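Undergrad: Can you keep this structure in mind? I'll have questions shortly.
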Amino acid sequence: MVGFTFMNSTAEPALAHKVTMDNIYRLQRHIYDVTRRYFLLGRDTMLDGLALKAGDSVLEMGCGTGRNLVGVARRYPGAELFGLDISEEMLKSAQGNLLRAGLARQAKIACADATAFDPKICFGVTHFSRVYFSYTLSMIPDWRAALDAALNCVEPGGELHIVDFGQCEGLPKLLRNILFSWVGLFHVHPLRELRRVVAHRSAALGAEVTFHSLYRDYAWLIVVKTPRSVA
């Protein structure tokens, strides 16, 4: 079986968020990958940019159905795969998808809160070569805490990758309003402050940041490269 860990959180906001996510995805997880492929744009571009070597480790923050982890394994067969999600319902799909992809030994997943988790407890390791968010930061109420948690477990010289909704500045205002209203039904809130906050957090670490606006600002792709050693 795919390695599975449950990390319980007693924080009330985290428990409330977990209940919300489980309720949303209890049925939706069965059609999630089929439907989301049409509007979660830029995910494969992000995966292509991970540039993992054999033996590198990668953690997905909010791994959902495991779709991206399977994509990582196909691109980088020698990588060690880790994923966490707060929704046990989604992780049921992730476990099945990873098993069907033949990744029982290569992947470990955990049910945990992205804002407050211990990678040592979840996975037996403390840092990762790559950590990424794929359209998940905009679903996390305390997304700044999740960002900090991700940065804390990137190894020196490693990278944090983020792909998420942009502000759609290049799209007609009506289309933008319709999109934001619709994704809001799923507790998704595109983060206007994301770029500024990432830049601020990265500067404090002495990290290098690159930013790309994709598809007329529909999606943002951000890469944070951490320094190899602390000055």
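All residue names refer to the structure tokens as shown: chains lettered A, B, ... in order, residues numbered from 1 in each chain, ligands numbered from 1 in order.
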Find the residues near range 52-66 of chain A: any atom within 7 Å, counting only C-alpha atoms, skip ones fewer than 3 places away on the same chain, and give them as a count of residues only.

TA: 25

Undergrad: Do you know which residues are at most 8 Å from Leu214 in chain A counting only C-alpha atoms, after dropping those on the same chain fewer than 6 positions away, and could you put them as a CSV table (one decimal) with C-alpha atoms, in the first residue's frame?

TA:
chain,number,residue,atom,x,y,z
A,42,GLY,CA,-0.4,25.8,-15.7
A,220,TRP,CA,0.5,32.9,-11.6
A,221,LEU,CA,3.6,30.7,-11.6

Undergrad: Please provide the set of residues having any atom within 10 Å of Ile24 in chain A, restricted to only C-alpha atoms, with same-chain residues fewer than 3 positions apart removed, written as an mmCIF file with N, CA and C atoms, in the first residue's frame.

TA:
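Listed below is the output, result.cif:
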data_model
loop_
_atom_site.group_PDB
_atom_site.id
_atom_site.type_symbol
_atom_site.label_atom_id
_atom_site.label_comp_id
_atom_site.auth_asym_id
_atom_site.auth_seq_id
_atom_site.Cartn_x
_atom_site.Cartn_y
_atom_site.Cartn_z
ATOM 1 N N LYS A 18 -11.066 21.217 7.700
ATOM 2 C CA LYS A 18 -11.052 19.801 7.305
ATOM 3 C C LYS A 18 -12.471 19.306 7.035
ATOM 4 N N VAL A 19 -13.402 19.646 7.920
ATOM 5 C CA VAL A 19 -14.798 19.225 7.734
ATOM 6 C C VAL A 19 -15.356 19.810 6.441
ATOM 7 N N THR A 20 -15.055 21.086 6.187
ATOM 8 C CA THR A 20 -15.533 21.734 4.958
ATOM 9 C C THR A 20 -14.987 21.033 3.726
ATOM 10 N N MET A 21 -13.684 20.760 3.714
ATOM 11 C CA MET A 21 -13.069 20.119 2.552
ATOM 12 C C MET A 21 -13.599 18.698 2.348
ATOM 13 N N LEU A 27 -18.083 13.610 -2.683
ATOM 14 C CA LEU A 27 -18.593 13.137 -3.970
ATOM 15 C C LEU A 27 -17.761 13.678 -5.135
ATOM 16 N N GLN A 28 -17.312 14.924 -5.016
ATOM 17 C CA GLN A 28 -16.600 15.553 -6.119
ATOM 18 C C GLN A 28 -15.279 14.885 -6.467
ATOM 19 N N ARG A 29 -14.685 14.210 -5.489
ATOM 20 C CA ARG A 29 -13.388 13.588 -5.766
ATOM 21 C C ARG A 29 -13.472 12.576 -6.911
ATOM 22 N N SER A 87 -7.928 16.800 3.626
ATOM 23 C CA SER A 87 -9.155 16.051 3.364
ATOM 24 C C SER A 87 -8.888 14.552 3.259
ATOM 25 N N GLU A 89 -11.136 12.492 2.493
ATOM 26 C CA GLU A 89 -11.886 12.052 1.318
ATOM 27 C C GLU A 89 -11.014 12.111 0.067
ATOM 28 N N MET A 90 -10.312 13.219 -0.134
ATOM 29 C CA MET A 90 -9.439 13.344 -1.299
ATOM 30 C C MET A 90 -8.315 12.314 -1.262
ATOM 31 N N LEU A 185 -17.508 29.361 -4.817
ATOM 32 C CA LEU A 185 -18.436 28.335 -4.342
ATOM 33 C C LEU A 185 -17.690 27.143 -3.753
ATOM 34 N N PHE A 186 -16.426 26.962 -4.167
ATOM 35 C CA PHE A 186 -15.603 25.851 -3.678
ATOM 36 C C PHE A 186 -14.572 26.330 -2.664
ATOM 37 N N HIS A 187 -14.835 27.508 -2.071
ATOM 38 C CA HIS A 187 -13.946 28.090 -1.057
ATOM 39 C C HIS A 187 -12.562 28.405 -1.624
#

Undergrad: Taking only range 28-94 of chain A into account, list the residues labelled strand (DSSP E) by DSSP (computed from the backbone), as a VMD selection string.

TA: chain A and resid 57 to 61 80 to 85

Undergrad: At what distance in Å, to one decimal, does CA of Ala145 in chain A lie from CA of Ile31 in chain A?

TA: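 Atom-to-atom, CA of Ile31 in chain A and CA of Ala145 in chain A are spaced 29.6 Å apart.
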
Undergrad: Would you mind listing what lies within 12 Å of Leu40 in chain A as a VMD selection string, with only C-alpha atoms counted and same-chain residues fewer than 6 positions away left out?

TA: chain A and resid 32 to 34 46 68 134 to 136 163 to 166 179 183 188 214 to 215 218 to 220

Undergrad: Would you save the residues from that selection as a PDB file, in the first residue's frame, using N, CA and C atoms?

TA:
ATOM      1  N   TYR A  32     -13.266  14.908  -9.991  1.00  0.00           N
ATOM      2  CA  TYR A  32     -12.382  16.072  -9.850  1.00  0.00           C
ATOM      3  C   TYR A  32     -11.399  16.193 -11.009  1.00  0.00           C
ATOM      4  N   ASP A  33     -10.654  15.152 -11.292  1.00  0.00           N
ATOM      5  CA  ASP A  33      -9.606  15.242 -12.312  1.00  0.00           C
ATOM      6  C   ASP A  33     -10.183  15.470 -13.706  1.00  0.00           C
ATOM      7  N   VAL A  34     -11.338  14.916 -13.974  1.00  0.00           N
ATOM      8  CA  VAL A  34     -11.967  15.088 -15.286  1.00  0.00           C
ATOM      9  C   VAL A  34     -12.403  16.531 -15.490  1.00  0.00           C
ATOM     10  N   MET A  46       4.212  23.873 -14.380  1.00  0.00           N
ATOM     11  CA  MET A  46       4.920  23.872 -13.106  1.00  0.00           C
ATOM     12  C   MET A  46       5.672  22.565 -12.889  1.00  0.00           C
ATOM     13  N   ASN A  68      -1.111  15.158  -9.549  1.00  0.00           N
ATOM     14  CA  ASN A  68       0.180  15.787  -9.795  1.00  0.00           C
ATOM     15  C   ASN A  68       1.347  14.880  -9.402  1.00  0.00           C
ATOM     16  N   SER A 134      -0.200  23.496  -5.836  1.00  0.00           N
ATOM     17  CA  SER A 134      -0.868  23.536  -7.128  1.00  0.00           C
ATOM     18  C   SER A 134      -2.347  23.869  -6.917  1.00  0.00           C
ATOM     19  N   TYR A 135      -2.679  25.151  -7.063  1.00  0.00           N
ATOM     20  CA  TYR A 135      -4.053  25.633  -6.867  1.00  0.00           C
ATOM     21  C   TYR A 135      -4.608  25.247  -5.500  1.00  0.00           C
ATOM     22  N   THR A 136      -3.758  25.310  -4.493  1.00  0.00           N
ATOM     23  CA  THR A 136      -4.210  24.982  -3.137  1.00  0.00           C
ATOM     24  C   THR A 136      -4.052  26.137  -2.162  1.00  0.00           C
ATOM     25  N   VAL A 163       1.727  27.371  -8.297  1.00  0.00           N
ATOM     26  CA  VAL A 163       0.862  27.756  -9.410  1.00  0.00           C
ATOM     27  C   VAL A 163      -0.539  27.919  -8.839  1.00  0.00           C
ATOM     28  N   ASP A 164      -1.165  29.048  -9.167  1.00  0.00           N
ATOM     29  CA  ASP A 164      -2.484  29.331  -8.613  1.00  0.00           C
ATOM     30  C   ASP A 164      -3.155  30.390  -9.478  1.00  0.00           C
ATOM     31  N   PHE A 165      -4.393  30.670  -9.152  1.00  0.00           N
ATOM     32  CA  PHE A 165      -5.118  31.696  -9.889  1.00  0.00           C
ATOM     33  C   PHE A 165      -4.420  33.042  -9.750  1.00  0.00           C
ATOM     34  N   GLY A 166      -4.291  33.756 -10.887  1.00  0.00           N
ATOM     35  CA  GLY A 166      -3.830  35.129 -10.850  1.00  0.00           C
ATOM     36  C   GLY A 166      -5.011  36.053 -10.631  1.00  0.00           C
ATOM     37  N   LEU A 179     -15.739  34.087 -13.085  1.00  0.00           N
ATOM     38  CA  LEU A 179     -14.780  33.075 -12.643  1.00  0.00           C
ATOM     39  C   LEU A 179     -14.590  33.121 -11.132  1.00  0.00           C
ATOM     40  N   VAL A 183     -15.503  30.009  -8.571  1.00  0.00           N
ATOM     41  CA  VAL A 183     -14.534  29.284  -7.743  1.00  0.00           C
ATOM     42  C   VAL A 183     -14.777  29.550  -6.262  1.00  0.00           C
ATOM     43  N   VAL A 188     -12.544  28.829  -2.867  1.00  0.00           N
ATOM     44  CA  VAL A 188     -11.306  29.275  -3.518  1.00  0.00           C
ATOM     45  C   VAL A 188     -11.348  30.791  -3.629  1.00  0.00           C
ATOM     46  N   LEU A 214       0.600  33.817 -16.550  1.00  0.00           N
ATOM     47  CA  LEU A 214       0.242  32.922 -17.644  1.00  0.00           C
ATOM     48  C   LEU A 214      -1.182  33.186 -18.121  1.00  0.00           C
ATOM     49  N   TYR A 215      -1.398  33.008 -19.407  1.00  0.00           N
ATOM     50  CA  TYR A 215      -2.742  33.031 -19.982  1.00  0.00           C
ATOM     51  C   TYR A 215      -3.504  34.310 -19.617  1.00  0.00           C
ATOM     52  N   TYR A 218      -4.423  34.762 -16.045  1.00  0.00           N
ATOM     53  CA  TYR A 218      -5.328  33.769 -15.464  1.00  0.00           C
ATOM     54  C   TYR A 218      -4.638  33.016 -14.327  1.00  0.00           C
ATOM     55  N   ALA A 219      -3.367  32.688 -14.543  1.00  0.00           N
ATOM     56  CA  ALA A 219      -2.614  31.926 -13.547  1.00  0.00           C
ATOM     57  C   ALA A 219      -1.284  32.614 -13.257  1.00  0.00           C
ATOM     58  N   TRP A 220      -0.817  32.427 -12.035  1.00  0.00           N
ATOM     59  CA  TRP A 220       0.507  32.887 -11.630  1.00  0.00           C
ATOM     60  C   TRP A 220       1.378  31.676 -11.348  1.00  0.00           C
TER      61      TRP A 220
END

Undergrad: I want to know what sits within 7 Å of Thr226 in chain A, based on only C-alpha atoms, with residues of the same chain fewer than 4 positions away left out; could you give that as a PyMOL selection string?

TA: chain A and resi 156-159+207-208

Undergrad: To one decimal in Å, tell me the separation between CA of Ala116 in chain A and CA of Gly49 in chain A.

TA: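 Interatomic distance, CA of Ala116 in chain A to CA of Gly49 in chain A: 26.8 Å.
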
Undergrad: Go through range 20-96 of chain A and collect every residue that DSSP, computed from the backbone, puts in alpha helix (DSSP H); the answer should be as a ChimeraX atom specification.

TA: /A:20-28,32-36,43-48,67-75,88-96

Undergrad: Using only C-alpha atoms, which residues sit within 9 Å of range 193-204 of chain A once same-chain residues fewer than 5 positions away are excluded, as a list in words?

TA: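 With the cut-off at 9 Å, the set is Arg144, Leu147, Asp148, Leu151, Gly166, Val209, Phe211, Trp220, Ile222, Val224, Lys225 and Thr226 of chain A.
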
Undergrad: Restricting it to C-alpha atoms, dump the selection as a PDB file, in the first residue's frame.

TA:
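Dumped everything to result_38.pdb:
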ATOM      1  CA  ARG A 144       0.383  32.812   4.872  1.00  0.00           C
ATOM      2  CA  LEU A 147       3.441  29.411   2.840  1.00  0.00           C
ATOM      3  CA  ASP A 148       5.753  29.751   5.844  1.00  0.00           C
ATOM      4  CA  LEU A 151       9.380  27.429   3.057  1.00  0.00           C
ATOM      5  CA  GLY A 166      -3.830  35.129 -10.850  1.00  0.00           C
ATOM      6  CA  VAL A 209      12.097  34.679  -6.691  1.00  0.00           C
ATOM      7  CA  PHE A 211       7.328  35.265 -11.283  1.00  0.00           C
ATOM      8  CA  TRP A 220       0.507  32.887 -11.630  1.00  0.00           C
ATOM      9  CA  ILE A 222       6.112  31.528  -8.811  1.00  0.00           C
ATOM     10  CA  VAL A 224      11.438  30.533  -4.867  1.00  0.00           C
ATOM     11  CA  LYS A 225      15.047  29.307  -4.896  1.00  0.00           C
ATOM     12  CA  THR A 226      16.504  29.117  -1.411  1.00  0.00           C
TER      13      THR A 226
END

Undergrad: Could you jot down the CA of Gln106 in chain A to CA of Pro77 in chain A separation for me, Å, one decimal place?

TA: 9.1 Å

Undergrad: Give me the residues within 7 Å of Gln167 in chain A as a ChimeraX atom specification, counting only C-alpha atoms and dropping any in the same chain fewer than 4 places off.

TA: /A:190,192,217-218
